[in-house]
file model23.cif (mmCIF, N, CA and C atoms)
data_start
#
loop_
_atom_site.label_atom_id
_atom_site.label_comp_id
_atom_site.auth_asym_id
_atom_site.auth_seq_id
_atom_site.Cartn_x
_atom_site.Cartn_y
_atom_site.Cartn_z
N MET K 1 26.73 -25.58 3.94
CA MET K 1 25.63 -24.88 4.54
C MET K 1 25.23 -25.52 5.86
N GLY K 2 25.63 -26.70 6.13
CA GLY K 2 25.27 -27.34 7.38
C GLY K 2 25.38 -28.83 7.26
N ASP K 3 25.01 -29.50 8.31
CA ASP K 3 25.14 -30.95 8.36
C ASP K 3 23.77 -31.61 8.37
N VAL K 4 23.79 -32.89 8.17
CA VAL K 4 22.60 -33.72 8.32
C VAL K 4 22.74 -34.42 9.67
N SER K 5 21.66 -34.47 10.44
CA SER K 5 21.76 -35.01 11.79
C SER K 5 20.57 -35.91 12.10
N VAL K 6 20.86 -37.10 12.63
CA VAL K 6 19.83 -38.07 13.00
C VAL K 6 19.45 -37.86 14.47
N SER K 7 18.16 -37.89 14.75
CA SER K 7 17.67 -37.70 16.12
C SER K 7 18.17 -38.82 17.04
N PRO K 8 18.21 -38.56 18.35
CA PRO K 8 18.70 -39.59 19.28
C PRO K 8 17.92 -40.91 19.22
N ASP K 9 16.63 -40.87 18.89
CA ASP K 9 15.85 -42.11 18.81
C ASP K 9 15.93 -42.76 17.43
N GLY K 10 16.64 -42.13 16.49
CA GLY K 10 16.83 -42.71 15.16
C GLY K 10 15.62 -42.60 14.24
N ARG K 11 14.61 -41.84 14.62
CA ARG K 11 13.39 -41.75 13.81
C ARG K 11 13.34 -40.54 12.88
N LEU K 12 14.09 -39.48 13.20
CA LEU K 12 14.00 -38.23 12.43
C LEU K 12 15.37 -37.80 11.92
N LEU K 13 15.33 -37.02 10.84
CA LEU K 13 16.52 -36.47 10.24
C LEU K 13 16.32 -34.96 10.13
N ALA K 14 17.33 -34.19 10.53
CA ALA K 14 17.27 -32.73 10.42
C ALA K 14 18.37 -32.28 9.48
N TYR K 15 18.04 -31.32 8.60
CA TYR K 15 19.04 -30.78 7.70
C TYR K 15 18.63 -29.38 7.23
N PRO K 16 19.62 -28.53 6.96
CA PRO K 16 19.33 -27.20 6.42
C PRO K 16 19.26 -27.27 4.90
N TYR K 17 18.52 -26.36 4.31
CA TYR K 17 18.50 -26.25 2.86
C TYR K 17 18.20 -24.82 2.46
N SER K 18 18.54 -24.48 1.24
CA SER K 18 18.29 -23.14 0.72
C SER K 18 17.32 -23.21 -0.44
N THR K 19 16.55 -22.16 -0.59
CA THR K 19 15.70 -22.01 -1.77
C THR K 19 16.18 -20.79 -2.52
N TYR K 20 16.18 -20.89 -3.81
CA TYR K 20 16.65 -19.79 -4.66
C TYR K 20 15.55 -19.44 -5.65
N THR K 21 14.79 -18.43 -5.32
CA THR K 21 13.78 -17.94 -6.24
C THR K 21 13.97 -16.43 -6.38
N THR K 22 13.41 -15.86 -7.42
CA THR K 22 13.56 -14.42 -7.62
C THR K 22 12.79 -13.61 -6.59
N THR K 23 11.77 -14.20 -6.01
CA THR K 23 10.95 -13.45 -5.06
C THR K 23 11.30 -13.70 -3.60
N SER K 24 11.76 -14.89 -3.27
CA SER K 24 12.02 -15.16 -1.85
C SER K 24 13.13 -16.18 -1.63
N PRO K 25 14.39 -15.78 -1.88
CA PRO K 25 15.46 -16.71 -1.54
C PRO K 25 15.51 -16.85 -0.02
N GLY K 26 15.86 -18.02 0.45
CA GLY K 26 15.89 -18.17 1.90
C GLY K 26 16.57 -19.43 2.34
N ARG K 27 16.78 -19.48 3.65
CA ARG K 27 17.38 -20.65 4.28
C ARG K 27 16.32 -21.28 5.18
N HIS K 28 16.35 -22.59 5.24
CA HIS K 28 15.31 -23.32 5.96
C HIS K 28 15.91 -24.52 6.68
N LEU K 29 15.15 -25.05 7.62
CA LEU K 29 15.52 -26.25 8.35
C LEU K 29 14.39 -27.25 8.17
N ALA K 30 14.72 -28.44 7.73
CA ALA K 30 13.72 -29.49 7.53
C ALA K 30 13.92 -30.60 8.55
N ILE K 31 12.79 -31.13 9.02
CA ILE K 31 12.77 -32.32 9.87
C ILE K 31 11.93 -33.34 9.12
N VAL K 32 12.53 -34.47 8.78
CA VAL K 32 11.81 -35.50 8.03
C VAL K 32 11.89 -36.84 8.75
N GLY K 33 10.89 -37.69 8.49
CA GLY K 33 10.89 -39.03 9.05
C GLY K 33 11.85 -39.92 8.29
N LEU K 34 12.67 -40.67 9.00
CA LEU K 34 13.63 -41.57 8.34
C LEU K 34 12.95 -42.79 7.71
N ALA K 35 11.87 -43.24 8.27
CA ALA K 35 11.21 -44.44 7.76
C ALA K 35 10.61 -44.22 6.38
N ASP K 36 10.00 -43.05 6.17
CA ASP K 36 9.30 -42.84 4.90
C ASP K 36 9.64 -41.52 4.20
N GLY K 37 10.52 -40.71 4.79
CA GLY K 37 10.90 -39.44 4.18
C GLY K 37 9.83 -38.37 4.28
N SER K 38 8.81 -38.61 5.10
CA SER K 38 7.73 -37.63 5.22
C SER K 38 8.22 -36.35 5.89
N ASN K 39 7.68 -35.23 5.44
CA ASN K 39 8.04 -33.93 6.01
C ASN K 39 7.32 -33.78 7.35
N VAL K 40 8.09 -33.73 8.45
CA VAL K 40 7.52 -33.57 9.77
C VAL K 40 7.33 -32.10 10.09
N LYS K 41 8.35 -31.29 9.78
CA LYS K 41 8.30 -29.86 10.08
C LYS K 41 9.34 -29.16 9.22
N SER K 42 9.07 -27.89 8.92
CA SER K 42 10.03 -27.07 8.20
C SER K 42 10.01 -25.68 8.82
N PHE K 43 11.19 -25.08 8.98
CA PHE K 43 11.31 -23.78 9.62
C PHE K 43 12.11 -22.83 8.73
N ASP K 44 11.71 -21.58 8.68
CA ASP K 44 12.51 -20.55 8.02
C ASP K 44 13.59 -20.10 8.99
N LEU K 45 14.78 -19.85 8.46
CA LEU K 45 15.89 -19.42 9.30
C LEU K 45 16.27 -17.98 8.98
N PRO K 46 16.24 -17.12 9.96
CA PRO K 46 16.67 -15.74 9.73
C PRO K 46 18.19 -15.66 9.74
N GLY K 47 18.71 -14.54 9.37
CA GLY K 47 20.16 -14.35 9.46
C GLY K 47 20.81 -14.33 8.10
N GLU K 48 22.04 -13.95 8.11
CA GLU K 48 22.81 -13.84 6.88
C GLU K 48 23.31 -15.19 6.40
N ASN K 49 23.57 -16.07 7.34
CA ASN K 49 24.24 -17.31 6.95
C ASN K 49 24.01 -18.39 8.01
N TRP K 50 23.81 -19.59 7.54
CA TRP K 50 23.79 -20.76 8.41
C TRP K 50 25.24 -21.15 8.57
N ASN K 51 25.66 -21.45 9.77
CA ASN K 51 27.06 -21.76 9.96
C ASN K 51 27.31 -23.21 10.34
N THR K 52 26.73 -23.69 11.43
CA THR K 52 26.94 -25.08 11.85
C THR K 52 25.66 -25.69 12.39
N GLY K 53 25.62 -26.98 12.38
CA GLY K 53 24.45 -27.69 12.88
C GLY K 53 23.63 -28.19 11.71
N PRO K 54 22.50 -28.76 11.97
CA PRO K 54 21.84 -28.84 13.26
C PRO K 54 22.37 -29.98 14.12
N TYR K 55 22.28 -29.77 15.43
CA TYR K 55 22.61 -30.80 16.41
C TYR K 55 21.38 -31.01 17.27
N TRP K 56 21.01 -32.24 17.48
CA TRP K 56 19.83 -32.56 18.30
C TRP K 56 20.12 -32.37 19.77
N THR K 57 19.12 -31.95 20.53
CA THR K 57 19.25 -31.97 21.98
C THR K 57 19.15 -33.42 22.42
N SER K 58 19.63 -33.72 23.62
CA SER K 58 19.68 -35.12 24.07
C SER K 58 18.29 -35.75 24.19
N ASP K 59 17.26 -34.93 24.43
CA ASP K 59 15.90 -35.48 24.53
C ASP K 59 15.20 -35.57 23.17
N GLY K 60 15.84 -35.07 22.11
CA GLY K 60 15.27 -35.15 20.77
C GLY K 60 14.10 -34.22 20.52
N LYS K 61 13.89 -33.26 21.39
CA LYS K 61 12.75 -32.35 21.25
C LYS K 61 13.10 -31.05 20.53
N ALA K 62 14.38 -30.83 20.27
CA ALA K 62 14.80 -29.59 19.62
C ALA K 62 16.11 -29.81 18.88
N VAL K 63 16.42 -28.90 17.99
CA VAL K 63 17.73 -28.89 17.32
C VAL K 63 18.39 -27.55 17.59
N GLN K 64 19.71 -27.58 17.59
CA GLN K 64 20.49 -26.37 17.81
C GLN K 64 21.38 -26.13 16.61
N TYR K 65 21.63 -24.86 16.32
CA TYR K 65 22.45 -24.48 15.17
C TYR K 65 22.99 -23.09 15.42
N SER K 66 24.00 -22.70 14.66
CA SER K 66 24.49 -21.33 14.78
C SER K 66 24.11 -20.57 13.51
N LEU K 67 23.75 -19.32 13.72
CA LEU K 67 23.41 -18.41 12.63
C LEU K 67 24.28 -17.18 12.76
N ILE K 68 24.59 -16.59 11.62
CA ILE K 68 25.34 -15.33 11.61
C ILE K 68 24.37 -14.22 11.28
N ARG K 69 24.30 -13.23 12.15
CA ARG K 69 23.47 -12.04 11.94
C ARG K 69 24.36 -10.83 12.15
N GLU K 70 24.41 -9.98 11.14
CA GLU K 70 25.24 -8.77 11.17
C GLU K 70 26.69 -9.11 11.53
N GLY K 71 27.18 -10.22 10.98
CA GLY K 71 28.56 -10.63 11.18
C GLY K 71 28.86 -11.30 12.50
N ILE K 72 27.83 -11.57 13.31
CA ILE K 72 28.02 -12.15 14.64
C ILE K 72 27.33 -13.51 14.71
N GLY K 73 28.06 -14.51 15.16
CA GLY K 73 27.50 -15.85 15.28
C GLY K 73 26.96 -16.11 16.67
N ASN K 74 25.78 -16.72 16.74
CA ASN K 74 25.20 -17.16 18.00
C ASN K 74 24.50 -18.49 17.79
N ILE K 75 24.32 -19.22 18.89
CA ILE K 75 23.66 -20.52 18.84
C ILE K 75 22.19 -20.34 19.17
N TRP K 76 21.35 -20.98 18.38
CA TRP K 76 19.90 -20.93 18.54
C TRP K 76 19.37 -22.32 18.74
N GLN K 77 18.22 -22.42 19.40
CA GLN K 77 17.55 -23.70 19.59
C GLN K 77 16.13 -23.60 19.05
N GLN K 78 15.76 -24.58 18.22
CA GLN K 78 14.43 -24.64 17.61
C GLN K 78 13.71 -25.89 18.07
N PRO K 79 12.63 -25.76 18.86
CA PRO K 79 11.83 -26.94 19.21
C PRO K 79 11.18 -27.51 17.96
N ILE K 80 11.16 -28.82 17.82
CA ILE K 80 10.58 -29.39 16.62
C ILE K 80 9.06 -29.43 16.67
N ASP K 81 8.47 -29.14 17.83
CA ASP K 81 7.01 -29.08 17.90
C ASP K 81 6.46 -27.78 17.32
N GLY K 82 7.36 -26.90 16.86
CA GLY K 82 6.93 -25.65 16.24
C GLY K 82 6.96 -24.45 17.16
N GLY K 83 7.39 -24.61 18.38
CA GLY K 83 7.49 -23.48 19.30
C GLY K 83 8.51 -22.46 18.81
N SER K 84 8.59 -21.35 19.49
CA SER K 84 9.52 -20.28 19.11
C SER K 84 10.96 -20.69 19.36
N ARG K 85 11.83 -20.30 18.43
CA ARG K 85 13.27 -20.55 18.62
C ARG K 85 13.78 -19.60 19.70
N THR K 86 14.84 -20.03 20.39
CA THR K 86 15.44 -19.21 21.42
C THR K 86 16.93 -19.09 21.17
N LYS K 87 17.46 -17.95 21.52
CA LYS K 87 18.89 -17.68 21.37
C LYS K 87 19.59 -18.17 22.63
N LEU K 88 20.55 -19.08 22.48
CA LEU K 88 21.24 -19.67 23.62
C LEU K 88 22.48 -18.91 24.04
N THR K 89 23.13 -18.24 23.10
CA THR K 89 24.33 -17.46 23.42
C THR K 89 24.08 -16.00 23.10
N ARG K 90 24.89 -15.13 23.67
CA ARG K 90 24.74 -13.68 23.49
C ARG K 90 26.07 -13.04 23.11
N PHE K 91 26.72 -13.60 22.11
CA PHE K 91 27.99 -13.05 21.66
C PHE K 91 27.75 -11.73 20.93
N THR K 92 28.71 -10.83 21.02
CA THR K 92 28.58 -9.52 20.37
C THR K 92 29.63 -9.31 19.29
N SER K 93 30.44 -10.34 19.04
CA SER K 93 31.44 -10.25 17.98
C SER K 93 31.81 -11.65 17.52
N ALA K 94 32.42 -11.74 16.37
CA ALA K 94 32.99 -12.96 15.80
C ALA K 94 31.93 -13.97 15.35
N GLU K 95 32.39 -14.94 14.59
CA GLU K 95 31.54 -16.02 14.09
C GLU K 95 31.82 -17.29 14.89
N ILE K 96 30.87 -18.19 14.88
CA ILE K 96 31.06 -19.51 15.48
C ILE K 96 31.35 -20.48 14.34
N PHE K 97 32.49 -21.15 14.42
CA PHE K 97 32.87 -22.08 13.38
C PHE K 97 32.29 -23.48 13.63
N ASP K 98 32.20 -23.87 14.88
CA ASP K 98 31.58 -25.14 15.24
C ASP K 98 31.36 -25.16 16.74
N PHE K 99 30.47 -26.03 17.18
CA PHE K 99 30.22 -26.17 18.62
C PHE K 99 29.73 -27.57 18.92
N ASN K 100 29.83 -27.93 20.20
CA ASN K 100 29.30 -29.20 20.68
C ASN K 100 29.21 -29.12 22.19
N TRP K 101 28.40 -29.98 22.76
CA TRP K 101 28.19 -30.03 24.20
C TRP K 101 28.96 -31.21 24.80
N SER K 102 29.33 -31.07 26.08
CA SER K 102 29.91 -32.20 26.80
C SER K 102 28.84 -33.29 26.91
N VAL K 103 29.28 -34.51 27.22
CA VAL K 103 28.36 -35.64 27.30
C VAL K 103 27.24 -35.37 28.31
N ASP K 104 27.55 -34.74 29.44
CA ASP K 104 26.53 -34.46 30.44
C ASP K 104 25.77 -33.15 30.17
N ARG K 105 26.09 -32.50 29.03
CA ARG K 105 25.39 -31.28 28.57
C ARG K 105 25.55 -30.09 29.52
N THR K 106 26.62 -30.08 30.32
CA THR K 106 26.83 -28.96 31.23
C THR K 106 27.85 -27.95 30.71
N GLN K 107 28.63 -28.35 29.71
CA GLN K 107 29.64 -27.45 29.18
C GLN K 107 29.52 -27.36 27.67
N LEU K 108 29.63 -26.13 27.18
CA LEU K 108 29.58 -25.87 25.75
C LEU K 108 31.00 -25.64 25.25
N PHE K 109 31.38 -26.37 24.21
CA PHE K 109 32.68 -26.21 23.57
C PHE K 109 32.44 -25.60 22.20
N LEU K 110 33.18 -24.55 21.87
CA LEU K 110 33.01 -23.96 20.56
C LEU K 110 34.29 -23.29 20.09
N SER K 111 34.36 -23.12 18.79
CA SER K 111 35.47 -22.37 18.20
C SER K 111 34.86 -21.13 17.54
N ARG K 112 35.47 -19.98 17.82
CA ARG K 112 34.97 -18.70 17.29
C ARG K 112 36.14 -17.90 16.74
N GLY K 113 35.81 -16.97 15.88
CA GLY K 113 36.84 -16.10 15.35
C GLY K 113 36.32 -15.32 14.17
N GLY K 114 37.25 -14.74 13.45
CA GLY K 114 36.90 -13.97 12.27
C GLY K 114 37.59 -14.53 11.05
N ILE K 115 37.04 -14.21 9.91
CA ILE K 115 37.63 -14.64 8.64
C ILE K 115 38.16 -13.40 7.95
N THR K 116 39.42 -13.44 7.61
CA THR K 116 40.03 -12.32 6.88
C THR K 116 40.66 -12.85 5.61
N SER K 117 40.81 -11.98 4.66
CA SER K 117 41.47 -12.37 3.42
C SER K 117 42.14 -11.15 2.83
N ASP K 118 43.12 -11.40 2.00
CA ASP K 118 43.84 -10.34 1.30
C ASP K 118 43.66 -10.51 -0.20
N VAL K 119 43.75 -9.42 -0.89
CA VAL K 119 43.68 -9.44 -2.34
C VAL K 119 45.03 -8.95 -2.86
N VAL K 120 45.54 -9.67 -3.82
CA VAL K 120 46.82 -9.30 -4.43
C VAL K 120 46.59 -9.09 -5.92
N LEU K 121 47.05 -7.97 -6.45
CA LEU K 121 46.93 -7.69 -7.87
C LEU K 121 48.28 -7.98 -8.53
N LEU K 122 48.27 -8.87 -9.51
CA LEU K 122 49.47 -9.18 -10.27
C LEU K 122 49.36 -8.48 -11.61
N THR K 123 50.41 -7.79 -11.98
CA THR K 123 50.43 -7.12 -13.27
C THR K 123 51.65 -7.55 -14.05
N LYS K 124 51.56 -7.42 -15.36
CA LYS K 124 52.67 -7.78 -16.22
C LYS K 124 53.71 -6.67 -16.16
N MET K 125 54.96 -7.03 -15.92
CA MET K 125 56.07 -6.06 -15.86
C MET K 125 56.85 -6.16 -17.14
N ASP K 126 57.05 -5.07 -17.80
CA ASP K 126 57.85 -5.07 -19.04
C ASP K 126 59.30 -4.78 -18.75
#
call {"tool": "encode", "arguments": {"input": "model23.cif", "output": "structure tokens"}}
result
Amino acid sequence: MGDVSVSPDGRLLAYPYSTYTTTSPGRHLAIVGLADGSNVKSFDLPGENWNTGPYWTSDGKAVQYSLIREGIGNIWQQPIDGGSRTKLTRFTSAEIFDFNWSVDRTQLFLSRGGITSDVVLLTKMD
């Protein structure tokens, strides 16, 4: 469902988690303090599926992750101060399997594509 990621200053931990209840199953993002495990912030995540991340921004003020909505993966950024998340990419097809930024944060590297599978029926031949 995602990775666990330590903030650049080493004080916070970000991780995705799911809740499974009969009334409101959902996906969420938690930010907790590493020193004491205190809950700093929690966010609900829209979309069909969490794909990759979270990855901290270099200033430690936000986390980035990819979400799949209607079969399409895009990268989103969530400020940890509780501000509105923003969509960083505008892809119209395919899923994002993973992404990362160059050291100077000027280039985005990612792998995208589709997942296909086949079904084979085996029957007993007399």
call {"tool": "atom_distance", "arguments": {"input": "model23.cif", "atom1": "atom C of K:Leu45", "atom2": "atom C of K:His28"}}
result
6.9 Å
call {"tool": "resolve_selection", "arguments": {"input": "model23.cif", "expression": "the PyMOL selection byres ((chain K and resi 76) around 7)", "output": "VMD selection string"}}
result
chain K and resid 63 to 67 74 to 75 77 to 78 85 to 89
call {"tool": "closest_residue", "arguments": {"input": "model23.cif", "among": "K:Ile72, K:Thr19, K:Ile31, K:Asp3", "to": "K:Thr92", "atoms": "all atoms listed in the file"}}
result
K:Ile72
call {"tool": "atom_distance", "arguments": {"input": "model23.cif", "atom1": "atom N of K:Gly73", "atom2": "atom N of K:Leu12"}}
result
28.7 Å
call {"tool": "resolve_selection", "arguments": {"input": "model23.cif", "expression": "the PyMOL selection byres ((chain K and resi 61) around 8)", "output": "ChimeraX atom specification"}}
result
/K:7-8,56-60,62-63,78-82
call {"tool": "atom_distance", "arguments": {"input": "model23.cif", "atom1": "atom CA of K:Asn39", "atom2": "atom CA of K:Tyr20"}}
result
19.7 Å
call {"tool": "resolve_selection", "arguments": {"input": "model23.cif", "expression": "the PyMOL selection byres ((chain K and resi 100) around 7)", "output": "ChimeraX atom specification"}}
result
/K:98-99,101-102,107-111
call {"tool": "closest_residue", "arguments": {"input": "model23.cif", "among": "K:Arg90, K:Arg105, K:Lys124, K:Arg27", "to": "K:Phe43", "atoms": "only C-alpha atoms"}}
result
K:Arg27
call {"tool": "select_by_dssp", "arguments": {"input": "model23.cif", "residues": "chain K", "states": "strand (DSSP E)", "output": "NGL selection string"}}
result
:K and (5-6 or 12-19 or 26-33 or 39-45 or 49-56 or 62-69 or 72-79 or 86-87 or 95-101 or 108-113)
call {"tool": "closest_residue", "arguments": {"input": "model23.cif", "among": "K:Val40, K:Thr123, K:Ala14, K:Arg112", "to": "K:Tyr55", "atoms": "only N, CA and C atoms"}}
result
K:Ala14
call {"tool": "closest_residue", "arguments": {"input": "model23.cif", "among": "K:Gly33, K:Gly114, K:Pro54, K:Pro46", "to": "K:Pro16", "atoms": "only C-alpha atoms"}}
result
K:Pro54
call {"tool": "decode", "arguments": {"input": "model23.cif", "residues": "stretch 51-87 of chain K", "atoms": "N, CA and C atoms", "output": "PDB file, in the first residue's frame"}}
result
ATOM      1  N   ASN K  51      -0.647   4.199  -4.597  1.00  0.00           N
ATOM      2  CA  ASN K  51       0.307   3.457  -5.398  1.00  0.00           C
ATOM      3  C   ASN K  51       1.728   3.539  -4.870  1.00  0.00           C
ATOM      4  N   THR K  52       2.293   4.740  -4.732  1.00  0.00           N
ATOM      5  CA  THR K  52       3.662   4.873  -4.239  1.00  0.00           C
ATOM      6  C   THR K  52       3.788   6.078  -3.313  1.00  0.00           C
ATOM      7  N   GLY K  53       4.803   6.038  -2.508  1.00  0.00           N
ATOM      8  CA  GLY K  53       5.043   7.131  -1.577  1.00  0.00           C
ATOM      9  C   GLY K  53       4.606   6.707  -0.189  1.00  0.00           C
ATOM     10  N   PRO K  54       4.661   7.598   0.748  1.00  0.00           N
ATOM     11  CA  PRO K  54       4.945   9.014   0.599  1.00  0.00           C
ATOM     12  C   PRO K  54       6.441   9.309   0.527  1.00  0.00           C
ATOM     13  N   TYR K  55       6.749  10.394  -0.165  1.00  0.00           N
ATOM     14  CA  TYR K  55       8.110  10.912  -0.233  1.00  0.00           C
ATOM     15  C   TYR K  55       8.070  12.348   0.266  1.00  0.00           C
ATOM     16  N   TRP K  56       8.975  12.693   1.138  1.00  0.00           N
ATOM     17  CA  TRP K  56       9.025  14.053   1.690  1.00  0.00           C
ATOM     18  C   TRP K  56       9.596  15.028   0.681  1.00  0.00           C
ATOM     19  N   THR K  57       9.111  16.255   0.703  1.00  0.00           N
ATOM     20  CA  THR K  57       9.757  17.311  -0.064  1.00  0.00           C
ATOM     21  C   THR K  57      11.056  17.659   0.655  1.00  0.00           C
ATOM     22  N   SER K  58      11.988  18.282  -0.049  1.00  0.00           N
ATOM     23  CA  SER K  58      13.307  18.550   0.544  1.00  0.00           C
ATOM     24  C   SER K  58      13.236  19.485   1.745  1.00  0.00           C
ATOM     25  N   ASP K  59      12.216  20.350   1.808  1.00  0.00           N
ATOM     26  CA  ASP K  59      12.081  21.253   2.952  1.00  0.00           C
ATOM     27  C   ASP K  59      11.298  20.628   4.110  1.00  0.00           C
ATOM     28  N   GLY K  60      10.760  19.422   3.911  1.00  0.00           N
ATOM     29  CA  GLY K  60      10.038  18.723   4.967  1.00  0.00           C
ATOM     30  C   GLY K  60       8.666  19.298   5.279  1.00  0.00           C
ATOM     31  N   LYS K  61       8.154  20.148   4.418  1.00  0.00           N
ATOM     32  CA  LYS K  61       6.856  20.784   4.671  1.00  0.00           C
ATOM     33  C   LYS K  61       5.685  20.057   4.015  1.00  0.00           C
ATOM     34  N   ALA K  62       5.983  19.059   3.189  1.00  0.00           N
ATOM     35  CA  ALA K  62       4.918  18.336   2.492  1.00  0.00           C
ATOM     36  C   ALA K  62       5.396  16.936   2.139  1.00  0.00           C
ATOM     37  N   VAL K  63       4.443  16.079   1.824  1.00  0.00           N
ATOM     38  CA  VAL K  63       4.761  14.749   1.306  1.00  0.00           C
ATOM     39  C   VAL K  63       4.091  14.591  -0.050  1.00  0.00           C
ATOM     40  N   GLN K  64       4.711  13.770  -0.876  1.00  0.00           N
ATOM     41  CA  GLN K  64       4.180  13.507  -2.209  1.00  0.00           C
ATOM     42  C   GLN K  64       3.908  12.019  -2.342  1.00  0.00           C
ATOM     43  N   TYR K  65       2.890  11.683  -3.123  1.00  0.00           N
ATOM     44  CA  TYR K  65       2.495  10.296  -3.320  1.00  0.00           C
ATOM     45  C   TYR K  65       1.721  10.203  -4.622  1.00  0.00           C
ATOM     46  N   SER K  66       1.565   8.999  -5.141  1.00  0.00           N
ATOM     47  CA  SER K  66       0.728   8.840  -6.328  1.00  0.00           C
ATOM     48  C   SER K  66      -0.549   8.115  -5.933  1.00  0.00           C
ATOM     49  N   LEU K  67      -1.628   8.558  -6.545  1.00  0.00           N
ATOM     50  CA  LEU K  67      -2.942   7.952  -6.356  1.00  0.00           C
ATOM     51  C   LEU K  67      -3.488   7.563  -7.708  1.00  0.00           C
ATOM     52  N   ILE K  68      -4.270   6.499  -7.714  1.00  0.00           N
ATOM     53  CA  ILE K  68      -4.944   6.071  -8.942  1.00  0.00           C
ATOM     54  C   ILE K  68      -6.408   6.465  -8.827  1.00  0.00           C
ATOM     55  N   ARG K  69      -6.876   7.227  -9.799  1.00  0.00           N
ATOM     56  CA  ARG K  69      -8.285   7.621  -9.879  1.00  0.00           C
ATOM     57  C   ARG K  69      -8.773   7.283 -11.276  1.00  0.00           C
ATOM     58  N   GLU K  70      -9.834   6.493 -11.331  1.00  0.00           N
ATOM     59  CA  GLU K  70     -10.407   6.050 -12.602  1.00  0.00           C
ATOM     60  C   GLU K  70      -9.343   5.408 -13.496  1.00  0.00           C
ATOM     61  N   GLY K  71      -8.456   4.635 -12.876  1.00  0.00           N
ATOM     62  CA  GLY K  71      -7.430   3.907 -13.610  1.00  0.00           C
ATOM     63  C   GLY K  71      -6.232   4.731 -14.038  1.00  0.00           C
ATOM     64  N   ILE K  72      -6.160   5.994 -13.610  1.00  0.00           N
ATOM     65  CA  ILE K  72      -5.077   6.889 -14.020  1.00  0.00           C
ATOM     66  C   ILE K  72      -4.276   7.324 -12.799  1.00  0.00           C
ATOM     67  N   GLY K  73      -2.963   7.177 -12.882  1.00  0.00           N
ATOM     68  CA  GLY K  73      -2.095   7.571 -11.781  1.00  0.00           C
ATOM     69  C   GLY K  73      -1.573   8.981 -11.943  1.00  0.00           C
ATOM     70  N   ASN K  74      -1.588   9.742 -10.862  1.00  0.00           N
ATOM     71  CA  ASN K  74      -0.997  11.077 -10.832  1.00  0.00           C
ATOM     72  C   ASN K  74      -0.326  11.300  -9.483  1.00  0.00           C
ATOM     73  N   ILE K  75       0.612  12.234  -9.459  1.00  0.00           N
ATOM     74  CA  ILE K  75       1.335  12.559  -8.240  1.00  0.00           C
ATOM     75  C   ILE K  75       0.661  13.741  -7.566  1.00  0.00           C
ATOM     76  N   TRP K  76       0.480  13.621  -6.260  1.00  0.00           N
ATOM     77  CA  TRP K  76      -0.148  14.655  -5.445  1.00  0.00           C
ATOM     78  C   TRP K  76       0.807  15.086  -4.360  1.00  0.00           C
ATOM     79  N   GLN K  77       0.634  16.312  -3.891  1.00  0.00           N
ATOM     80  CA  GLN K  77       1.431  16.826  -2.788  1.00  0.00           C
ATOM     81  C   GLN K  77       0.504  17.299  -1.678  1.00  0.00           C
ATOM     82  N   GLN K  78       0.790  16.841  -0.452  1.00  0.00           N
ATOM     83  CA  GLN K  78      -0.005  17.201   0.726  1.00  0.00           C
ATOM     84  C   GLN K  78       0.858  17.957   1.719  1.00  0.00           C
ATOM     85  N   PRO K  79       0.583  19.253   1.949  1.00  0.00           N
ATOM     86  CA  PRO K  79       1.304  19.976   2.994  1.00  0.00           C
ATOM     87  C   PRO K  79       0.970  19.380   4.360  1.00  0.00           C
ATOM     88  N   ILE K  80       1.955  19.239   5.220  1.00  0.00           N
ATOM     89  CA  ILE K  80       1.671  18.639   6.519  1.00  0.00           C
ATOM     90  C   ILE K  80       1.042  19.627   7.491  1.00  0.00           C
ATOM     91  N   ASP K  81       1.002  20.912   7.133  1.00  0.00           N
ATOM     92  CA  ASP K  81       0.332  21.875   7.999  1.00  0.00           C
ATOM     93  C   ASP K  81      -1.191  21.815   7.846  1.00  0.00           C
ATOM     94  N   GLY K  82      -1.669  20.935   6.960  1.00  0.00           N
ATOM     95  CA  GLY K  82      -3.108  20.766   6.793  1.00  0.00           C
ATOM     96  C   GLY K  82      -3.689  21.517   5.614  1.00  0.00           C
ATOM     97  N   GLY K  83      -2.881  22.190   4.839  1.00  0.00           N
ATOM     98  CA  GLY K  83      -3.378  22.890   3.658  1.00  0.00           C
ATOM     99  C   GLY K  83      -3.919  21.912   2.630  1.00  0.00           C
ATOM    100  N   SER K  84      -4.502  22.437   1.587  1.00  0.00           N
ATOM    101  CA  SER K  84      -5.094  21.603   0.534  1.00  0.00           C
ATOM    102  C   SER K  84      -4.021  20.881  -0.265  1.00  0.00           C
ATOM    103  N   ARG K  85      -4.314  19.628  -0.608  1.00  0.00           N
ATOM    104  CA  ARG K  85      -3.393  18.872  -1.466  1.00  0.00           C
ATOM    105  C   ARG K  85      -3.486  19.431  -2.883  1.00  0.00           C
ATOM    106  N   THR K  86      -2.396  19.294  -3.630  1.00  0.00           N
ATOM    107  CA  THR K  86      -2.370  19.753  -5.011  1.00  0.00           C
ATOM    108  C   THR K  86      -1.897  18.628  -5.907  1.00  0.00           C
ATOM    109  N   LYS K  87      -2.435  18.617  -7.103  1.00  0.00           N
ATOM    110  CA  LYS K  87      -2.071  17.627  -8.107  1.00  0.00           C
ATOM    111  C   LYS K  87      -0.857  18.149  -8.871  1.00  0.00           C
TER     112      LYS K  87
END
